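Novice: So here's run_16.cif (mmCIF, C-alpha atoms and all ligand atoms).
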```cif
data_entry
loop_
_atom_site.label_atom_id
_atom_site.label_comp_id
_atom_site.auth_asym_id
_atom_site.auth_seq_id
_atom_site.Cartn_x
_atom_site.Cartn_y
_atom_site.Cartn_z
CA MET N 1 -5.82 -8.31 -19.02
CA ALA N 2 -4.00 -5.56 -20.85
CA ASN N 3 -0.24 -5.85 -20.79
CA ALA N 4 1.43 -4.06 -17.92
CA LEU N 5 3.54 -0.98 -18.53
CA GLU N 6 7.00 -1.33 -17.00
CA PRO N 7 8.54 2.10 -16.36
CA LEU N 8 11.48 0.40 -14.58
CA PRO N 9 12.40 -3.30 -14.53
CA GLY N 10 10.20 -4.83 -11.81
CA LEU N 11 7.83 -1.84 -11.55
CA LYS N 12 4.70 -2.94 -13.38
CA LEU N 13 1.59 -0.86 -13.85
CA HIS N 14 -1.58 -2.78 -14.66
CA ALA N 15 -3.62 0.25 -15.67
CA GLY N 16 -7.39 -0.19 -15.24
CA TYR N 17 -6.95 -3.72 -13.90
CA LEU N 18 -10.11 -3.55 -11.75
CA ASP N 19 -13.32 -2.53 -13.49
CA ARG N 20 -15.87 -0.27 -11.80
CA ASP N 21 -17.87 -3.17 -10.32
CA ALA N 22 -14.76 -4.76 -8.85
CA GLN N 23 -13.71 -1.39 -7.42
CA GLN N 24 -17.14 -0.90 -5.82
CA ARG N 25 -17.08 -4.38 -4.29
CA LEU N 26 -13.59 -3.73 -2.93
CA VAL N 27 -14.65 -0.40 -1.40
CA ALA N 28 -17.52 -2.23 0.36
CA ASP N 29 -15.04 -4.85 1.63
CA ILE N 30 -12.72 -2.12 2.92
CA ARG N 31 -15.57 -0.22 4.60
CA ALA N 32 -16.43 -3.45 6.46
CA VAL N 33 -12.79 -3.83 7.54
CA LEU N 34 -12.68 -0.21 8.73
CA ALA N 35 -15.86 -0.68 10.77
CA ASP N 36 -13.88 -3.21 12.85
CA ALA N 37 -10.44 -1.68 12.56
CA PRO N 38 -10.84 2.12 12.41
CA LEU N 39 -8.31 4.35 10.68
CA PHE N 40 -5.53 5.44 13.03
CA THR N 41 -3.01 8.27 12.70
CA PRO N 42 0.51 6.93 12.26
CA ARG N 43 3.39 8.97 13.67
CA MET N 44 7.01 9.41 12.73
CA PRO N 45 9.50 7.51 14.88
CA ARG N 46 11.19 9.69 17.51
CA SER N 47 9.56 13.04 16.58
CA GLY N 48 6.00 11.71 16.87
CA LYS N 49 4.95 13.99 13.99
CA PRO N 50 1.65 12.72 12.56
CA PHE N 51 1.43 11.42 8.99
CA SER N 52 -1.14 13.18 6.81
CA VAL N 53 -2.32 9.74 5.62
CA ARG N 54 -4.48 7.72 8.02
CA MET N 55 -4.12 3.96 8.07
CA SER N 56 -5.57 0.63 9.03
CA ASN N 57 -4.80 -2.97 8.08
CA CYS N 58 -6.28 -6.38 7.52
CA GLY N 59 -4.60 -9.76 7.66
CA PRO N 60 -2.54 -11.59 10.29
CA LEU N 61 -0.09 -8.67 10.44
CA GLY N 62 -0.51 -4.93 10.09
CA TRP N 63 2.02 -2.15 9.55
CA VAL N 64 2.10 0.54 12.24
CA ALA N 65 4.24 3.61 12.89
CA ASP N 66 4.65 5.42 16.19
CA LYS N 67 7.35 7.02 18.31
CA ALA N 68 8.89 3.60 18.91
CA GLY N 69 9.37 2.95 15.18
CA TYR N 70 7.94 1.17 12.15
CA ARG N 71 6.86 -2.45 12.50
CA TYR N 72 4.33 -5.15 11.76
CA GLN N 73 2.13 -6.35 14.60
CA PRO N 74 -0.95 -8.60 14.94
CA LEU N 75 -3.05 -6.09 16.92
CA HIS N 76 -4.62 -2.71 16.13
CA PRO N 77 -2.67 -0.01 18.02
CA ASP N 78 -5.80 1.77 19.31
CA THR N 79 -8.38 -0.99 19.83
CA GLY N 80 -5.95 -3.80 20.76
CA ALA N 81 -8.00 -6.21 18.63
CA PRO N 82 -6.58 -8.53 15.94
CA TRP N 83 -6.80 -7.09 12.42
CA PRO N 84 -9.83 -8.29 10.40
CA ALA N 85 -9.36 -10.97 7.76
CA ILE N 86 -8.16 -10.05 4.28
CA PRO N 87 -11.11 -9.94 1.82
CA PRO N 88 -11.00 -12.87 -0.65
CA ALA N 89 -10.80 -10.50 -3.65
CA LEU N 90 -7.40 -9.33 -2.40
CA THR N 91 -6.14 -12.85 -1.72
CA ASP N 92 -7.12 -13.69 -5.31
CA LEU N 93 -5.33 -10.60 -6.62
CA TRP N 94 -2.17 -11.64 -4.76
CA GLU N 95 -2.34 -15.15 -6.20
CA THR N 96 -2.85 -13.81 -9.72
CA LEU N 97 -0.34 -10.98 -9.84
CA SER N 98 2.39 -11.51 -7.23
CA GLY N 99 4.15 -14.45 -8.86
CA TYR N 100 5.04 -15.40 -5.28
CA PRO N 101 4.12 -18.88 -4.01
CA HIS N 102 3.37 -18.08 -0.35
CA PRO N 103 0.33 -16.42 1.20
CA LEU N 104 -0.23 -12.74 1.61
CA GLN N 105 0.19 -11.66 5.25
CA ALA N 106 -0.64 -7.96 5.42
CA CYS N 107 -2.84 -5.47 3.64
CA LEU N 108 -2.11 -1.88 4.62
CA ILE N 109 -4.99 0.51 4.00
CA ASN N 110 -3.87 4.10 3.35
CA HIS N 111 -6.56 6.77 3.38
CA TYR N 112 -5.65 10.07 1.69
CA ALA N 113 -7.83 13.08 2.39
CA PRO N 114 -7.52 15.65 -0.45
CA ASP N 115 -4.52 17.36 1.17
CA ALA N 116 -2.65 14.22 2.24
CA ARG N 117 0.61 13.07 0.72
CA MET N 118 3.33 10.52 1.36
CA GLY N 119 7.01 11.39 1.27
CA LEU N 120 9.56 9.32 -0.64
CA HIS N 121 10.38 6.13 1.25
CA VAL N 122 11.35 2.49 0.74
CA ASP N 123 9.18 -0.41 1.93
CA ARG N 124 11.76 -2.34 3.92
CA ASP N 125 10.13 -3.51 7.14
CA GLU N 126 9.49 -6.94 5.63
CA ALA N 127 11.87 -9.87 6.11
CA ASP N 128 11.27 -11.23 2.62
CA PHE N 129 12.15 -8.98 -0.31
CA ASP N 130 11.59 -11.84 -2.77
CA ALA N 131 7.89 -11.06 -2.57
CA PRO N 132 6.67 -7.98 -4.43
CA VAL N 133 4.46 -5.28 -2.93
CA LEU N 134 1.15 -4.97 -4.79
CA SER N 135 -0.60 -1.61 -4.62
CA VAL N 136 -4.25 -1.01 -5.51
CA SER N 137 -5.63 2.50 -6.11
CA LEU N 138 -9.27 3.44 -5.39
CA GLY N 139 -10.95 6.84 -5.65
CA ASP N 140 -9.26 10.05 -6.69
CA THR N 141 -6.22 9.96 -8.98
CA CYS N 142 -2.85 10.68 -7.39
CA VAL N 143 0.57 11.73 -8.62
CA PHE N 144 2.87 8.82 -7.76
CA ARG N 145 6.62 9.50 -7.68
CA PHE N 146 9.37 6.91 -7.92
CA GLY N 147 13.14 6.99 -7.96
CA GLY N 148 15.85 4.39 -7.52
CA ASP N 149 17.47 2.41 -4.73
CA THR N 150 19.33 5.43 -3.42
CA ARG N 151 17.73 8.58 -2.05
CA GLY N 152 18.84 11.34 -4.40
CA ASP N 153 18.53 9.17 -7.53
CA PRO N 154 16.53 11.01 -10.20
CA THR N 155 12.77 10.61 -9.81
CA ARG N 156 9.87 10.50 -12.23
CA SER N 157 6.14 10.56 -11.67
CA PHE N 158 2.98 9.20 -13.23
CA LYS N 159 -0.67 9.22 -12.28
CA LEU N 160 -2.35 6.32 -10.51
CA VAL N 161 -6.04 6.08 -11.34
CA SER N 162 -8.82 4.21 -9.54
CA GLY N 163 -8.63 0.53 -10.49
CA ASP N 164 -4.91 0.57 -11.28
CA VAL N 165 -2.71 -2.11 -9.73
CA LEU N 166 1.01 -1.40 -9.39
CA VAL N 167 3.52 -4.17 -8.68
CA MET N 168 6.86 -3.27 -7.08
CA GLY N 169 8.98 -6.37 -7.31
CA GLY N 170 12.27 -7.79 -8.50
CA ALA N 171 14.79 -5.03 -9.21
CA ALA N 172 12.18 -2.42 -8.19
CA ARG N 173 11.30 -3.96 -4.81
CA LEU N 174 13.40 -1.46 -2.86
CA ILE N 175 13.00 1.72 -4.90
CA HIS N 176 12.05 5.02 -3.32
CA HIS N 177 8.43 5.97 -3.92
CA GLY N 178 5.76 8.27 -2.59
CA VAL N 179 2.64 10.27 -3.40
CA ASP N 180 3.09 13.95 -4.28
CA ARG N 181 -0.59 14.81 -4.16
CA ILE N 182 -4.16 13.77 -4.72
CA LEU N 183 -6.24 15.30 -7.49
CA PRO N 184 -9.59 15.77 -5.68
CA GLY N 185 -12.74 15.30 -7.72
CA THR N 186 -11.17 13.05 -10.37
CA SER N 187 -13.23 10.00 -9.33
CA THR N 188 -16.80 9.37 -8.23
CA LEU N 189 -16.04 6.00 -6.62
CA LEU N 190 -15.89 7.17 -3.01
CA SER N 191 -18.63 9.19 -1.34
CA GLN N 192 -16.10 11.84 -0.27
CA PRO N 193 -13.14 13.32 -2.17
CA GLY N 194 -9.97 11.37 -1.40
CA ARG N 195 -8.13 8.21 -2.21
CA ILE N 196 -7.73 4.75 -0.72
CA ASN N 197 -4.57 2.79 -1.45
CA LEU N 198 -4.18 -0.84 -0.49
CA THR N 199 -0.72 -2.41 -0.33
CA LEU N 200 -0.50 -6.17 -0.19
CA ARG N 201 2.63 -7.57 1.41
CA ARG N 202 4.38 -10.72 2.43
CA VAL N 203 6.20 -10.00 5.69
CA ASP N 204 7.91 -13.20 6.91
CA ARG N 205 10.23 -15.43 5.01
CA PRO N 206 8.52 -18.75 4.32
CA ASP N 207 11.38 -20.73 5.95
CA GLY N 208 10.97 -18.71 9.13
CA ALA N 209 14.53 -17.40 8.96
CA ALA N 210 15.14 -13.87 10.13
CA GLY N 211 15.30 -11.32 7.37
CA ARG N 212 18.18 -9.21 6.09
C1 LIG J 1 2.74 3.44 0.02
O1 LIG J 1 3.85 3.52 -0.49
O2 LIG J 1 2.54 2.86 1.10
C2 LIG J 1 1.54 4.04 -0.65
C3 LIG J 1 1.66 4.28 -2.09
C4 LIG J 1 0.37 4.82 -2.65
O3 LIG J 1 -0.44 5.36 -1.90
O4 LIG J 1 0.16 4.69 -3.86
FE FE2 J 2 5.44 2.36 0.25
#
```
What is this file in structure tokens?
Ligand code: SIN
Ligand code: FE2
Specialist:
Amino acid sequence: MANALEPLPGLKLHAGYLDRDAQQRLVADIRAVLADAPLFTPRMPRSGKPFSVRMSNCGPLGWVADKAGYRYQPLHPDTGAPWPAIPPALTDLWETLSGYPHPLQACLINHYAPDARMGLHVDRDEADFDAPVLSVSLGDTCVFRFGGDTRGDPTRSFKLVSGDVLVMGGAARLIHHGVDRILPGTSTLLSQPGRINLTLRRVDRPDGAAGR
């Protein structure tokens, strides 16, 4: 494994971590998940404005967004079925790279069509911020933007390429981050232009205590 780049303490980029074969196997795993748990359109709390990114999940818990708010729940919002199991390759990745001794609970699948983006936000719907968030990029390259703990802190950007794994942990667990844009046609991994991002999360504190 090449050493990770660390643009901020706790923000670690493992560039090219997954080789092409591993990426292809993961895409097949995700296609199987999506056959059971189709992509849904998340919506902003209150306004109900749709996100441009479509989402699904696997694992005991999945992240959803609708007029009522942001939350984790065990059931798909459209089908009402439990989320499919997390593919073993992702469980292995969590065990290798998270440095966190408790199991992964949620894998959010973000699907970016060529014109999709994700505004700056903080991942803070989890009760346990001791666990990092691990993010896997598949398909077209994107421009990833990150800032600091406070909205309005200066931001910088770098590209995330298919096969890259980004770890947001430690002092970078609660930084603002988002995706400015996708660069369509930069990868041949997916059959259509676009990007899939997987974020692996621990949601509950292992002692069962309420978070925050
Ligand atoms: C996210 O913050 O949920 C997604 C980040 C990404 O798509 O790289
Ligand atoms: Fe995020």
Novice: Using only C-alpha atoms, which residue out of N:Ala35, N:Ala15, N:Val133, N:Ala116 lies closest to Phe51 in chain N?
Specialist: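 Closest to Phe51 in chain N, using only C-alpha atoms: N:Ala116.
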Novice: So, counting only C-alpha atoms and all ligand atoms, which residue among N:Leu120, N:Val167, N:Ile196, N:Ile30 is closest to ligand FE2 2 (chain J)?
Specialist: N:Leu120
Novice: Could you give me, as an mmCIF file with C-alpha atoms, in the frame of the given file, every polymer residue with an atom at most 10 Å away from an atom of ligand LIG 1 (chain J), counting all atoms listed in the file?
Specialist:
```cif
data_model
loop_
_atom_site.group_PDB
_atom_site.id
_atom_site.type_symbol
_atom_site.label_atom_id
_atom_site.label_comp_id
_atom_site.auth_asym_id
_atom_site.auth_seq_id
_atom_site.Cartn_x
_atom_site.Cartn_y
_atom_site.Cartn_z
ATOM 1 C CA VAL N 53 -2.320 9.740 5.620
ATOM 2 C CA MET N 55 -4.120 3.960 8.070
ATOM 3 C CA TRP N 63 2.020 -2.150 9.550
ATOM 4 C CA LEU N 108 -2.110 -1.880 4.620
ATOM 5 C CA ILE N 109 -4.990 0.510 4.000
ATOM 6 C CA ASN N 110 -3.870 4.100 3.350
ATOM 7 C CA HIS N 111 -6.560 6.770 3.380
ATOM 8 C CA TYR N 112 -5.650 10.070 1.690
ATOM 9 C CA ARG N 117 0.610 13.070 0.720
ATOM 10 C CA MET N 118 3.330 10.520 1.360
ATOM 11 C CA GLY N 119 7.010 11.390 1.270
ATOM 12 C CA LEU N 120 9.560 9.320 -0.640
ATOM 13 C CA HIS N 121 10.380 6.130 1.250
ATOM 14 C CA VAL N 122 11.350 2.490 0.740
ATOM 15 C CA ASP N 123 9.180 -0.410 1.930
ATOM 16 C CA VAL N 133 4.460 -5.280 -2.930
ATOM 17 C CA LEU N 134 1.150 -4.970 -4.790
ATOM 18 C CA SER N 135 -0.600 -1.610 -4.620
ATOM 19 C CA VAL N 136 -4.250 -1.010 -5.510
ATOM 20 C CA SER N 137 -5.630 2.500 -6.110
ATOM 21 C CA LEU N 138 -9.270 3.440 -5.390
ATOM 22 C CA THR N 141 -6.220 9.960 -8.980
ATOM 23 C CA CYS N 142 -2.850 10.680 -7.390
ATOM 24 C CA VAL N 143 0.570 11.730 -8.620
ATOM 25 C CA PHE N 144 2.870 8.820 -7.760
ATOM 26 C CA ARG N 145 6.620 9.500 -7.680
ATOM 27 C CA PHE N 146 9.370 6.910 -7.920
ATOM 28 C CA LYS N 159 -0.670 9.220 -12.280
ATOM 29 C CA LEU N 160 -2.350 6.320 -10.510
ATOM 30 C CA VAL N 161 -6.040 6.080 -11.340
ATOM 31 C CA ASP N 164 -4.910 0.570 -11.280
ATOM 32 C CA VAL N 165 -2.710 -2.110 -9.730
ATOM 33 C CA LEU N 166 1.010 -1.400 -9.390
ATOM 34 C CA MET N 168 6.860 -3.270 -7.080
ATOM 35 C CA HIS N 176 12.050 5.020 -3.320
ATOM 36 C CA HIS N 177 8.430 5.970 -3.920
ATOM 37 C CA GLY N 178 5.760 8.270 -2.590
ATOM 38 C CA VAL N 179 2.640 10.270 -3.400
ATOM 39 C CA ASP N 180 3.090 13.950 -4.280
ATOM 40 C CA ARG N 181 -0.590 14.810 -4.160
ATOM 41 C CA ILE N 182 -4.160 13.770 -4.720
ATOM 42 C CA ARG N 195 -8.130 8.210 -2.210
ATOM 43 C CA ILE N 196 -7.730 4.750 -0.720
ATOM 44 C CA ASN N 197 -4.570 2.790 -1.450
ATOM 45 C CA LEU N 198 -4.180 -0.840 -0.490
ATOM 46 C CA THR N 199 -0.720 -2.410 -0.330
ATOM 47 C CA LEU N 200 -0.500 -6.170 -0.190
#
```
Novice: Take the point (9.7, -8.7, 6.1) as written in the file and pick out every residue within 7 Å of it, counting only C-alpha atoms; give the list as an NGL selection string.
Specialist: :N and (125-129 or 202-205 or 211)
Novice: So, with only C-alpha atoms as the atoms that count, which of N:Lys67, N:Cys58, N:Asp149, N:Leu189 lies closest to Leu104 in chain N?
Specialist: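 Going through N:Lys67, N:Cys58, N:Asp149, N:Leu189 one by one, the smallest distance to Leu104 in chain N is for N:Cys58.
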Novice: Any idea what the distance is between CA of Tyr17 in chain N and CA of Pro154 in chain N?
Specialist: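 Taking CA of Tyr17 in chain N as the start and CA of Pro154 in chain N as the end point, the length is 28.0 Å.
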Novice: Between N:Gly99, N:Pro193, N:Gly59, N:Gly169, which residue has the minimum interatomic distance to Lys12 in chain N, considering all atoms listed in the file?
Specialist: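 Of the candidates, the smallest distance to Lys12 in chain N is held by N:Gly169.
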Novice: How far is it from CA of Leu11 in chain N to CA of Arg151 in chain N, in Å with one decimal?
Specialist: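 Interatomic distance, CA of Leu11 in chain N to CA of Arg151 in chain N: 17.2 Å.
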Novice: Which of these, N:Cys107, N:Ser162, N:Gly48, N:Gly170, has the shortest distance to ligand FE2 2 (chain J) once you count all atoms listed in the file?
Specialist: N:Cys107
Novice: From the list N:Pro9, N:Ala28, N:Ala172, N:Ser157, which residue is nearest Ala89 in chain N when using only C-alpha atoms?
Specialist: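 Among the listed residues, the smallest separation from Ala89 in chain N belongs to N:Ala28.
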Novice: When you look at Leu61 in chain N with a cut-off of 7 Å (counting all atoms listed in the file), what residues show up, excluding the ones that are within fewer than 6 positions of it in the same chain? I need them as a ChimeraX atom specification.
Specialist: /N:72-74,105-106
Novice: What box, with edges along x, y and z, holds each listed atom of range 177-195 of chain N when 3 Å is added on every side, and can you state its centre and edge lengths in Å to one decimal, as lines of an AutoDock Vina configuration file?
Specialist:
```
center_x = -5.1
center_y = 10.9
center_z = -5.3
size_x = 33.1
size_y = 15.8
size_z = 16.1
```
Novice: Between CA of Arg201 in chain N and CA of Leu90 in chain N, what is the spacing in Å?
Specialist: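 Separating CA of Leu90 in chain N from CA of Arg201 in chain N is a distance of 10.9 Å.
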Novice: Using all atoms listed in the file, determine which residues lie at most 9 Å from Ala65 in chain N, disregarding the query and same-chain residues fewer than 2 positions distant; provide the list as a PyMOL selection string.
Specialist: chain N and resi 41-45+63+67-72
Novice: Please tell me which residues are no farther than 8 Å from (-13.5, 11.8, -10.8) in the file, counting all atoms listed in the file, and write them as an NGL selection string.
Specialist: :N and (139-141 or 184-189)
